file query_30.txt (compact mmCIF, N, CA and C atoms)
# COMPACT_ATOMS: atom_id res chain seq x y z
N MET F 532 0.84 -1.17 0.00
CA MET F 532 0.00 0.00 0.00
C MET F 532 0.89 1.23 0.00
N LYS F 533 0.47 2.25 -0.73
CA LYS F 533 1.24 3.49 -0.81
C LYS F 533 0.26 4.66 -0.84
N TYR F 534 0.52 5.67 -0.02
CA TYR F 534 -0.29 6.88 -0.01
C TYR F 534 -0.11 7.62 -1.33
N LEU F 535 -1.20 8.05 -1.97
CA LEU F 535 -1.11 8.72 -3.26
C LEU F 535 -1.39 10.21 -3.20
N HIS F 536 -2.59 10.60 -2.74
CA HIS F 536 -2.91 12.02 -2.74
C HIS F 536 -4.08 12.32 -1.81
N THR F 537 -4.24 13.61 -1.55
CA THR F 537 -5.40 14.13 -0.85
C THR F 537 -6.14 15.03 -1.81
N MET F 538 -7.43 14.81 -1.96
CA MET F 538 -8.24 15.63 -2.86
C MET F 538 -8.98 16.68 -2.05
N VAL F 539 -8.91 17.93 -2.54
CA VAL F 539 -9.71 19.00 -1.97
C VAL F 539 -10.47 19.67 -3.10
N ARG F 540 -11.75 19.93 -2.86
CA ARG F 540 -12.57 20.63 -3.84
C ARG F 540 -12.34 22.12 -3.68
N VAL F 541 -12.21 22.80 -4.80
CA VAL F 541 -11.95 24.24 -4.77
C VAL F 541 -13.01 24.96 -5.58
N THR F 542 -13.32 26.18 -5.19
CA THR F 542 -14.36 26.95 -5.87
C THR F 542 -13.79 27.88 -6.93
N ASP F 543 -12.52 28.24 -6.83
CA ASP F 543 -11.87 29.12 -7.80
C ASP F 543 -10.48 28.56 -8.05
N LEU F 544 -10.31 27.91 -9.19
CA LEU F 544 -9.05 27.23 -9.48
C LEU F 544 -7.88 28.21 -9.54
N ASP F 545 -8.09 29.37 -10.15
CA ASP F 545 -7.00 30.35 -10.24
C ASP F 545 -6.55 30.81 -8.86
N GLN F 546 -7.50 31.13 -7.99
CA GLN F 546 -7.15 31.57 -6.63
C GLN F 546 -6.45 30.45 -5.86
N SER F 547 -6.93 29.22 -6.05
CA SER F 547 -6.32 28.09 -5.35
C SER F 547 -4.90 27.85 -5.84
N LEU F 548 -4.65 28.00 -7.14
CA LEU F 548 -3.29 27.85 -7.66
C LEU F 548 -2.38 28.97 -7.18
N LYS F 549 -2.92 30.17 -7.04
CA LYS F 549 -2.12 31.27 -6.49
C LYS F 549 -1.67 30.92 -5.07
N PHE F 550 -2.53 30.25 -4.32
CA PHE F 550 -2.18 29.86 -2.96
C PHE F 550 -1.23 28.67 -2.96
N PHE F 551 -1.67 27.54 -3.49
CA PHE F 551 -0.89 26.30 -3.38
C PHE F 551 0.40 26.34 -4.21
N ARG F 552 0.36 26.91 -5.40
CA ARG F 552 1.54 26.93 -6.28
C ARG F 552 2.41 28.15 -6.02
N ASP F 553 1.82 29.34 -6.17
CA ASP F 553 2.61 30.57 -6.10
C ASP F 553 3.07 30.91 -4.69
N ALA F 554 2.15 30.86 -3.72
CA ALA F 554 2.50 31.26 -2.35
C ALA F 554 3.13 30.12 -1.56
N LEU F 555 2.51 28.94 -1.60
CA LEU F 555 3.03 27.82 -0.81
C LEU F 555 4.24 27.17 -1.47
N GLY F 556 4.32 27.22 -2.79
CA GLY F 556 5.49 26.72 -3.49
C GLY F 556 5.37 25.31 -4.05
N LEU F 557 4.16 24.73 -4.05
CA LEU F 557 4.00 23.42 -4.68
C LEU F 557 4.14 23.58 -6.18
N ARG F 558 4.44 22.47 -6.86
CA ARG F 558 4.57 22.54 -8.32
C ARG F 558 3.49 21.68 -8.96
N GLU F 559 2.95 22.17 -10.06
CA GLU F 559 1.93 21.43 -10.78
C GLU F 559 2.62 20.29 -11.53
N VAL F 560 2.13 19.06 -11.31
CA VAL F 560 2.73 17.91 -11.97
C VAL F 560 1.81 17.29 -13.02
N ARG F 561 0.52 17.58 -12.94
CA ARG F 561 -0.40 17.01 -13.91
C ARG F 561 -1.71 17.77 -13.85
N ARG F 562 -2.35 17.92 -15.02
CA ARG F 562 -3.65 18.58 -15.10
C ARG F 562 -4.48 17.85 -16.14
N THR F 563 -5.74 17.57 -15.79
CA THR F 563 -6.64 16.95 -16.75
C THR F 563 -7.97 17.68 -16.75
N GLU F 564 -8.51 17.85 -17.94
CA GLU F 564 -9.83 18.48 -18.13
C GLU F 564 -10.80 17.37 -18.51
N HIS F 565 -11.95 17.34 -17.89
CA HIS F 565 -12.95 16.30 -18.15
C HIS F 565 -14.24 16.97 -18.61
N GLU F 566 -14.34 17.14 -19.91
CA GLU F 566 -15.48 17.83 -20.51
C GLU F 566 -16.80 17.15 -20.17
N ALA F 567 -16.86 15.83 -20.33
CA ALA F 567 -18.11 15.10 -20.08
C ALA F 567 -18.56 15.25 -18.63
N GLY F 568 -17.61 15.18 -17.70
CA GLY F 568 -17.96 15.30 -16.29
C GLY F 568 -17.96 16.73 -15.78
N ARG F 569 -17.48 17.66 -16.61
CA ARG F 569 -17.45 19.09 -16.29
C ARG F 569 -16.60 19.38 -15.05
N PHE F 570 -15.36 18.87 -15.06
CA PHE F 570 -14.45 19.17 -13.95
C PHE F 570 -13.02 19.16 -14.43
N THR F 571 -12.15 19.82 -13.64
CA THR F 571 -10.72 19.88 -13.89
C THR F 571 -10.01 19.33 -12.66
N LEU F 572 -8.97 18.52 -12.90
CA LEU F 572 -8.13 18.01 -11.82
C LEU F 572 -6.73 18.57 -12.01
N VAL F 573 -6.17 19.12 -10.94
CA VAL F 573 -4.79 19.61 -10.96
C VAL F 573 -4.07 18.93 -9.81
N TYR F 574 -2.97 18.24 -10.13
CA TYR F 574 -2.18 17.55 -9.13
C TYR F 574 -0.92 18.37 -8.84
N LEU F 575 -0.64 18.56 -7.56
CA LEU F 575 0.49 19.36 -7.11
C LEU F 575 1.36 18.52 -6.19
N ALA F 576 2.67 18.77 -6.24
CA ALA F 576 3.60 18.07 -5.37
C ALA F 576 4.56 19.07 -4.74
N ALA F 577 5.04 18.72 -3.58
CA ALA F 577 6.06 19.55 -2.92
C ALA F 577 7.36 19.42 -3.71
N PRO F 578 8.15 20.49 -3.79
CA PRO F 578 9.40 20.44 -4.56
C PRO F 578 10.35 19.32 -4.13
N GLY F 579 10.33 18.92 -2.89
CA GLY F 579 11.23 17.89 -2.40
C GLY F 579 10.77 16.47 -2.68
N ASP F 580 9.54 16.29 -3.17
CA ASP F 580 9.05 14.96 -3.48
C ASP F 580 9.53 14.53 -4.86
N ALA F 581 9.85 13.25 -4.99
CA ALA F 581 10.35 12.72 -6.27
C ALA F 581 9.26 12.82 -7.34
N ASP F 582 9.70 12.87 -8.60
CA ASP F 582 8.76 12.89 -9.71
C ASP F 582 8.12 11.52 -9.86
N GLY F 583 6.99 11.49 -10.53
CA GLY F 583 6.31 10.24 -10.81
C GLY F 583 4.86 10.31 -10.37
N PRO F 584 4.04 9.47 -10.96
CA PRO F 584 2.60 9.54 -10.66
C PRO F 584 2.23 9.01 -9.29
N PHE F 585 3.13 8.32 -8.61
CA PHE F 585 2.77 7.71 -7.34
C PHE F 585 3.52 8.31 -6.16
N GLN F 586 3.76 9.61 -6.21
CA GLN F 586 4.36 10.34 -5.10
C GLN F 586 3.26 11.11 -4.39
N PRO F 587 3.42 11.43 -3.11
CA PRO F 587 2.36 12.16 -2.39
C PRO F 587 2.02 13.47 -3.10
N GLN F 588 0.74 13.69 -3.32
CA GLN F 588 0.30 14.87 -4.04
C GLN F 588 -0.98 15.43 -3.43
N VAL F 589 -1.25 16.68 -3.76
CA VAL F 589 -2.52 17.32 -3.47
C VAL F 589 -3.28 17.41 -4.79
N GLU F 590 -4.49 16.91 -4.80
CA GLU F 590 -5.34 16.98 -6.00
C GLU F 590 -6.37 18.08 -5.78
N LEU F 591 -6.30 19.12 -6.60
CA LEU F 591 -7.34 20.15 -6.57
C LEU F 591 -8.41 19.75 -7.57
N THR F 592 -9.64 19.63 -7.11
CA THR F 592 -10.77 19.29 -7.98
C THR F 592 -11.64 20.53 -8.13
N TYR F 593 -11.76 20.98 -9.37
CA TYR F 593 -12.60 22.14 -9.67
C TYR F 593 -13.79 21.66 -10.50
N ASN F 594 -14.98 21.67 -9.90
CA ASN F 594 -16.19 21.31 -10.61
C ASN F 594 -16.72 22.56 -11.32
N TRP F 595 -16.85 22.46 -12.63
CA TRP F 595 -17.26 23.61 -13.43
C TRP F 595 -18.67 24.04 -13.06
N PRO F 596 -18.96 25.33 -13.20
CA PRO F 596 -20.33 25.80 -12.95
C PRO F 596 -21.32 25.11 -13.90
N ALA F 597 -22.55 25.01 -13.46
CA ALA F 597 -23.62 24.46 -14.30
C ALA F 597 -23.81 25.38 -15.52
N PRO F 598 -24.44 24.89 -16.56
CA PRO F 598 -24.67 25.73 -17.75
C PRO F 598 -25.36 27.06 -17.42
N ASP F 599 -26.16 27.08 -16.35
CA ASP F 599 -26.83 28.34 -15.98
C ASP F 599 -25.93 29.25 -15.13
N GLY F 600 -24.68 28.82 -14.90
CA GLY F 600 -23.73 29.63 -14.14
C GLY F 600 -23.69 29.34 -12.66
N THR F 601 -24.55 28.47 -12.16
CA THR F 601 -24.58 28.13 -10.75
C THR F 601 -23.36 27.31 -10.38
N ALA F 602 -22.65 27.76 -9.36
CA ALA F 602 -21.45 27.05 -8.91
C ALA F 602 -21.73 26.32 -7.60
N GLU F 603 -21.01 25.22 -7.38
CA GLU F 603 -21.14 24.50 -6.12
C GLU F 603 -20.49 25.28 -4.99
N THR F 604 -20.98 25.08 -3.78
CA THR F 604 -20.34 25.65 -2.59
C THR F 604 -19.97 24.48 -1.69
N TYR F 605 -18.94 24.67 -0.88
CA TYR F 605 -18.46 23.60 -0.01
C TYR F 605 -18.29 24.14 1.40
N THR F 606 -18.53 23.27 2.35
CA THR F 606 -18.26 23.60 3.74
C THR F 606 -17.32 22.52 4.28
N GLY F 607 -16.44 22.92 5.19
CA GLY F 607 -15.47 21.98 5.74
C GLY F 607 -16.12 21.05 6.74
N GLY F 608 -15.69 19.81 6.74
CA GLY F 608 -16.18 18.84 7.71
C GLY F 608 -15.16 18.64 8.81
N ARG F 609 -15.61 18.27 9.97
CA ARG F 609 -14.70 18.04 11.09
C ARG F 609 -13.83 16.81 10.87
N ASN F 610 -14.21 15.96 9.90
CA ASN F 610 -13.42 14.77 9.65
C ASN F 610 -12.15 15.06 8.86
N PHE F 611 -12.02 16.27 8.36
CA PHE F 611 -10.79 16.66 7.67
C PHE F 611 -10.08 17.69 8.53
N GLY F 612 -8.84 17.42 8.88
CA GLY F 612 -8.09 18.33 9.75
C GLY F 612 -7.27 19.33 8.97
N HIS F 613 -6.18 18.88 8.35
CA HIS F 613 -5.31 19.81 7.63
C HIS F 613 -4.32 19.04 6.77
N LEU F 614 -3.70 19.77 5.85
CA LEU F 614 -2.56 19.26 5.09
C LEU F 614 -1.32 19.71 5.86
N ALA F 615 -0.23 18.98 5.74
CA ALA F 615 1.00 19.37 6.44
C ALA F 615 2.20 19.21 5.51
N PHE F 616 3.11 20.20 5.57
CA PHE F 616 4.32 20.19 4.76
C PHE F 616 5.51 20.55 5.63
N ALA F 617 6.63 19.84 5.43
CA ALA F 617 7.89 20.20 6.07
C ALA F 617 8.56 21.24 5.20
N VAL F 618 9.14 22.26 5.82
CA VAL F 618 9.82 23.33 5.10
C VAL F 618 11.23 23.49 5.67
N ASP F 619 12.15 23.94 4.83
CA ASP F 619 13.54 24.10 5.27
C ASP F 619 13.75 25.31 6.16
N ASP F 620 12.91 26.35 6.00
CA ASP F 620 13.01 27.56 6.82
C ASP F 620 11.60 28.08 7.07
N ILE F 621 11.08 27.82 8.25
CA ILE F 621 9.70 28.18 8.58
C ILE F 621 9.46 29.68 8.45
N TYR F 622 10.46 30.48 8.81
CA TYR F 622 10.29 31.93 8.73
C TYR F 622 10.24 32.40 7.28
N ALA F 623 11.10 31.87 6.44
CA ALA F 623 11.10 32.24 5.02
C ALA F 623 9.80 31.78 4.35
N ALA F 624 9.32 30.58 4.71
CA ALA F 624 8.07 30.09 4.13
C ALA F 624 6.90 30.98 4.52
N CYS F 625 6.84 31.38 5.78
CA CYS F 625 5.75 32.25 6.24
C CYS F 625 5.87 33.64 5.61
N GLN F 626 7.08 34.14 5.45
CA GLN F 626 7.26 35.44 4.82
C GLN F 626 6.81 35.39 3.36
N ARG F 627 7.14 34.32 2.68
CA ARG F 627 6.71 34.15 1.28
C ARG F 627 5.19 34.16 1.19
N LEU F 628 4.54 33.41 2.07
CA LEU F 628 3.08 33.39 2.09
C LEU F 628 2.51 34.78 2.38
N ALA F 629 3.05 35.45 3.39
CA ALA F 629 2.57 36.80 3.74
C ALA F 629 2.78 37.75 2.58
N ASP F 630 3.90 37.62 1.87
CA ASP F 630 4.17 38.48 0.71
C ASP F 630 3.15 38.25 -0.41
N HIS F 631 2.52 37.08 -0.41
CA HIS F 631 1.48 36.77 -1.38
C HIS F 631 0.08 37.09 -0.83
N GLY F 632 0.03 37.78 0.30
CA GLY F 632 -1.25 38.20 0.85
C GLY F 632 -1.95 37.16 1.70
N VAL F 633 -1.25 36.09 2.07
CA VAL F 633 -1.85 35.04 2.89
C VAL F 633 -1.72 35.41 4.37
N THR F 634 -2.81 35.29 5.11
CA THR F 634 -2.80 35.53 6.55
C THR F 634 -2.17 34.35 7.26
N ILE F 635 -1.23 34.61 8.14
CA ILE F 635 -0.61 33.56 8.94
C ILE F 635 -1.49 33.38 10.18
N SER F 636 -2.33 32.35 10.17
CA SER F 636 -3.31 32.15 11.24
C SER F 636 -2.64 31.82 12.57
N ARG F 637 -1.64 30.95 12.52
CA ARG F 637 -0.87 30.59 13.71
C ARG F 637 0.59 30.82 13.34
N PRO F 638 1.15 31.96 13.73
CA PRO F 638 2.54 32.27 13.38
C PRO F 638 3.52 31.29 14.03
N PRO F 639 4.71 31.17 13.46
CA PRO F 639 5.72 30.24 13.99
C PRO F 639 6.48 30.83 15.17
N ARG F 640 5.76 31.16 16.22
CA ARG F 640 6.39 31.77 17.40
C ARG F 640 7.49 30.89 17.98
N ASP F 641 7.31 29.58 17.86
CA ASP F 641 8.25 28.61 18.44
C ASP F 641 9.34 28.20 17.45
N GLY F 642 9.35 28.79 16.24
CA GLY F 642 10.33 28.41 15.24
C GLY F 642 10.12 27.03 14.68
N ARG F 643 8.96 26.45 14.92
CA ARG F 643 8.70 25.05 14.54
C ARG F 643 7.43 24.86 13.72
N MET F 644 6.33 25.56 14.06
CA MET F 644 5.04 25.25 13.46
C MET F 644 4.26 26.52 13.15
N ALA F 645 3.56 26.49 12.00
CA ALA F 645 2.68 27.58 11.61
C ALA F 645 1.47 26.99 10.88
N PHE F 646 0.39 27.76 10.84
CA PHE F 646 -0.80 27.36 10.08
C PHE F 646 -1.28 28.53 9.24
N VAL F 647 -1.76 28.20 8.04
CA VAL F 647 -2.39 29.15 7.13
C VAL F 647 -3.63 28.46 6.57
N ARG F 648 -4.44 29.22 5.83
CA ARG F 648 -5.63 28.64 5.19
C ARG F 648 -5.65 29.01 3.71
N SER F 649 -6.11 28.05 2.91
CA SER F 649 -6.24 28.27 1.46
C SER F 649 -7.46 29.15 1.19
N PRO F 650 -7.65 29.59 -0.05
CA PRO F 650 -8.84 30.38 -0.37
C PRO F 650 -10.15 29.65 -0.07
N ASP F 651 -10.13 28.32 -0.05
CA ASP F 651 -11.33 27.54 0.29
C ASP F 651 -11.34 27.10 1.74
N ASN F 652 -10.53 27.76 2.56
CA ASN F 652 -10.51 27.55 4.01
C ASN F 652 -9.92 26.20 4.42
N ILE F 653 -9.08 25.62 3.58
CA ILE F 653 -8.39 24.38 3.93
C ILE F 653 -7.19 24.76 4.81
N SER F 654 -7.11 24.14 5.97
CA SER F 654 -6.03 24.43 6.90
C SER F 654 -4.75 23.73 6.43
N VAL F 655 -3.64 24.48 6.41
CA VAL F 655 -2.34 23.95 5.99
C VAL F 655 -1.34 24.22 7.11
N GLU F 656 -0.71 23.14 7.58
CA GLU F 656 0.31 23.24 8.62
C GLU F 656 1.68 23.22 7.98
N LEU F 657 2.55 24.10 8.45
CA LEU F 657 3.95 24.12 8.03
C LEU F 657 4.79 23.74 9.23
N LEU F 658 5.70 22.79 9.04
CA LEU F 658 6.57 22.34 10.12
C LEU F 658 8.02 22.51 9.71
N GLN F 659 8.81 23.06 10.61
CA GLN F 659 10.23 23.22 10.36
C GLN F 659 10.87 21.84 10.20
N ASN F 660 11.58 21.63 9.10
CA ASN F 660 12.29 20.39 8.88
C ASN F 660 13.52 20.37 9.79
N GLY F 661 13.61 19.40 10.66
CA GLY F 661 14.72 19.34 11.62
C GLY F 661 14.38 20.11 12.89
N PRO F 662 15.40 20.48 13.66
CA PRO F 662 15.15 21.18 14.93
C PRO F 662 14.49 22.54 14.70
N ALA F 663 13.75 22.97 15.69
CA ALA F 663 13.11 24.29 15.63
C ALA F 663 14.16 25.38 15.48
N LEU F 664 13.80 26.43 14.76
CA LEU F 664 14.67 27.60 14.65
C LEU F 664 14.54 28.43 15.93
N ALA F 665 15.53 29.24 16.23
CA ALA F 665 15.45 30.12 17.39
C ALA F 665 14.31 31.11 17.19
N PRO F 666 13.55 31.42 18.26
CA PRO F 666 12.47 32.40 18.13
C PRO F 666 13.00 33.70 17.54
N ALA F 667 12.21 34.30 16.63
CA ALA F 667 12.63 35.53 15.95
C ALA F 667 11.41 36.40 15.68
N GLU F 668 11.64 37.69 15.69
CA GLU F 668 10.59 38.66 15.35
C GLU F 668 10.51 38.80 13.84
N PRO F 669 9.36 39.14 13.31
CA PRO F 669 8.15 39.56 14.04
C PRO F 669 7.31 38.39 14.52
N TRP F 670 7.74 37.16 14.21
CA TRP F 670 6.93 35.98 14.47
C TRP F 670 6.75 35.70 15.96
N ALA F 671 7.77 35.90 16.77
CA ALA F 671 7.73 35.52 18.18
C ALA F 671 6.63 36.23 18.96
N SER F 672 6.30 37.44 18.59
CA SER F 672 5.27 38.19 19.32
C SER F 672 3.96 38.34 18.55
N MET F 673 3.85 37.69 17.41
CA MET F 673 2.65 37.81 16.58
C MET F 673 1.53 36.93 17.14
N PRO F 674 0.33 37.49 17.31
CA PRO F 674 -0.79 36.69 17.84
C PRO F 674 -1.43 35.81 16.75
N ASN F 675 -2.21 34.84 17.21
CA ASN F 675 -3.01 34.04 16.27
C ASN F 675 -4.05 34.94 15.62
N THR F 676 -4.44 34.59 14.39
CA THR F 676 -5.48 35.31 13.68
C THR F 676 -6.52 34.31 13.20
N GLY F 677 -7.74 34.41 13.69
CA GLY F 677 -8.79 33.49 13.28
C GLY F 677 -8.53 32.10 13.80
N SER F 678 -9.08 31.11 13.11
CA SER F 678 -8.88 29.73 13.52
C SER F 678 -7.90 29.05 12.59
N TRP F 679 -7.30 27.99 13.06
CA TRP F 679 -6.33 27.27 12.26
C TRP F 679 -6.51 25.81 12.42

call {"tool": "encode", "arguments": {"input": "query_30.txt", "output": "structure tokens"}}
result
Amino acid sequence: MKYLHTMVRVTDLDQSLKFFRDALGLREVRRTEHEAGRFTLVYLAAPGDADGPFQPQVELTYNWPAPDGTAETYTGGRNFGHLAFAVDDIYAACQRLADHGVTISRPPRDGRMAFVRSPDNISVELLQNGPALAPAEPWASMPNTGSW
């Protein structure tokens, strides 16, 4: 058995790619359009994961609006907690996200862990790869914002 991917439904594919690809730094590894089913699948992988179709990935599923323009809406369930990624520098990763307009919900005050949310309110945890970094400003004194 091998873990393949986590699928999250998104309401705006462009906004979700700005978050997951541009701000978070994942790379798009595959995209398929399904005209008959009226949906698009975009698979993303962390830069440190090996290439290939069977590496851990995030699958963004965008269900196209109905012909009348009605779009689906989604609410988060308690059975889904969060996605988690190890990063080489938690402060640099959070700064990159903030520079892209992402709110840092739980700043890395401890030099080890932070949380942000995607445009569709998916919670994403960032963990420092290896030992925690020394506490540093502005992160050390930054309060939580919203829920994470």

call {"tool": "residues_around", "arguments": {"input": "query_30.txt", "residues": "stretch 614-631 of chain F", "least_positions_apart": "4", "cutoff": "9 Å", "atoms": "only C-alpha atoms", "output": "number ranges by chain"}}
result
F: 537, 549-550, 553-556, 577, 589, 635, 638-639, 642-647, 653-661, 663-664, 667, 670

call {"tool": "closest_residue", "arguments": {"input": "query_30.txt", "among": "F:Pro666, F:Phe570, F:Arg558, F:His536", "to": "F:Glu590", "atoms": "only N, CA and C atoms"}}
result
F:His536

call {"tool": "residues_near_point", "arguments": {"input": "query_30.txt", "point": "(-2.6, 14.4, -9.7)", "cutoff": "6.5 Å", "atoms": "all atoms listed in the file", "output": "VMD selection string"}}
result
chain F and resid 560 to 562 572 to 575 588 to 590

call {"tool": "select_by_dssp", "arguments": {"input": "query_30.txt", "residues": "chain F", "states": "alpha helix (DSSP H)", "output": "JSON, numbers by chain"}}
result
{"F": [544, 545, 546, 547, 548, 621, 622, 623, 624, 625, 626, 627, 628, 629, 630]}

call {"tool": "closest_residue", "arguments": {"input": "query_30.txt", "among": "F:Met538, F:Asn675, F:Arg569, F:Gln546", "to": "F:Pro650", "atoms": "all atoms listed in the file"}}
result
F:Gln546

call {"tool": "atom_distance", "arguments": {"input": "query_30.txt", "atom1": "atom CA of F:Asp641", "atom2": "atom CA of F:Leu557"}}
result
24.1 Å

call {"tool": "atom_distance", "arguments": {"input": "query_30.txt", "atom1": "atom CA of F:Tyr593", "atom2": "atom CA of F:Thr571"}}
result
5.1 Å

call {"tool": "decode", "arguments": {"input": "query_30.txt", "residues": "stretch 655-673 of chain F", "atoms": "N, CA, C and O atoms", "output": "compact mmCIF listing (two decimals), in the first residue's frame"}}
result
# COMPACT_ATOMS: atom_id res chain seq x y z
N VAL F 655 -3.64 24.48 6.41
CA VAL F 655 -2.34 23.95 5.99
C VAL F 655 -1.34 24.22 7.11
O VAL F 655 -1.15 25.36 7.53
N GLU F 656 -0.71 23.14 7.58
CA GLU F 656 0.31 23.24 8.62
C GLU F 656 1.68 23.22 7.98
O GLU F 656 1.95 22.42 7.08
N LEU F 657 2.55 24.10 8.45
CA LEU F 657 3.95 24.12 8.03
C LEU F 657 4.79 23.74 9.23
O LEU F 657 4.61 24.30 10.32
N LEU F 658 5.70 22.79 9.04
CA LEU F 658 6.57 22.34 10.12
C LEU F 658 8.02 22.51 9.71
O LEU F 658 8.40 22.15 8.59
N GLN F 659 8.81 23.06 10.61
CA GLN F 659 10.23 23.22 10.36
C GLN F 659 10.87 21.84 10.20
O GLN F 659 10.70 20.98 11.06
N ASN F 660 11.58 21.63 9.10
CA ASN F 660 12.29 20.39 8.88
C ASN F 660 13.52 20.37 9.79
O ASN F 660 14.35 21.25 9.71
N GLY F 661 13.61 19.40 10.66
CA GLY F 661 14.72 19.34 11.62
C GLY F 661 14.38 20.11 12.89
O GLY F 661 13.22 20.39 13.17
N PRO F 662 15.40 20.48 13.66
CA PRO F 662 15.15 21.18 14.93
C PRO F 662 14.49 22.54 14.70
O PRO F 662 14.67 23.17 13.65
N ALA F 663 13.75 22.97 15.69
CA ALA F 663 13.11 24.29 15.63
C ALA F 663 14.16 25.38 15.48
O ALA F 663 15.27 25.27 16.00
N LEU F 664 13.80 26.43 14.76
CA LEU F 664 14.67 27.60 14.65
C LEU F 664 14.54 28.43 15.93
O LEU F 664 13.52 28.34 16.63
N ALA F 665 15.53 29.24 16.23
CA ALA F 665 15.45 30.12 17.39
C ALA F 665 14.31 31.11 17.19
O ALA F 665 14.08 31.58 16.07
N PRO F 666 13.55 31.42 18.26
CA PRO F 666 12.47 32.40 18.13
C PRO F 666 13.00 33.70 17.54
O PRO F 666 14.11 34.14 17.86
N ALA F 667 12.21 34.30 16.63
CA ALA F 667 12.63 35.53 15.95
C ALA F 667 11.41 36.40 15.68
O ALA F 667 10.30 35.91 15.49
N GLU F 668 11.64 37.69 15.69
CA GLU F 668 10.59 38.66 15.35
C GLU F 668 10.51 38.80 13.84
O GLU F 668 11.50 38.57 13.15
N PRO F 669 9.36 39.14 13.31
CA PRO F 669 8.15 39.56 14.04
C PRO F 669 7.31 38.39 14.52
O PRO F 669 6.28 38.57 15.18
N TRP F 670 7.74 37.16 14.21
CA TRP F 670 6.93 35.98 14.47
C TRP F 670 6.75 35.70 15.96
O TRP F 670 5.66 35.28 16.38
N ALA F 671 7.77 35.90 16.77
CA ALA F 671 7.73 35.52 18.18
C ALA F 671 6.63 36.23 18.96
O ALA F 671 6.06 35.65 19.87
N SER F 672 6.30 37.44 18.59
CA SER F 672 5.27 38.19 19.32
C SER F 672 3.96 38.34 18.55
O SER F 672 3.05 39.03 19.01
N MET F 673 3.85 37.69 17.41
CA MET F 673 2.65 37.81 16.58
C MET F 673 1.53 36.93 17.14
O MET F 673 1.74 35.76 17.42
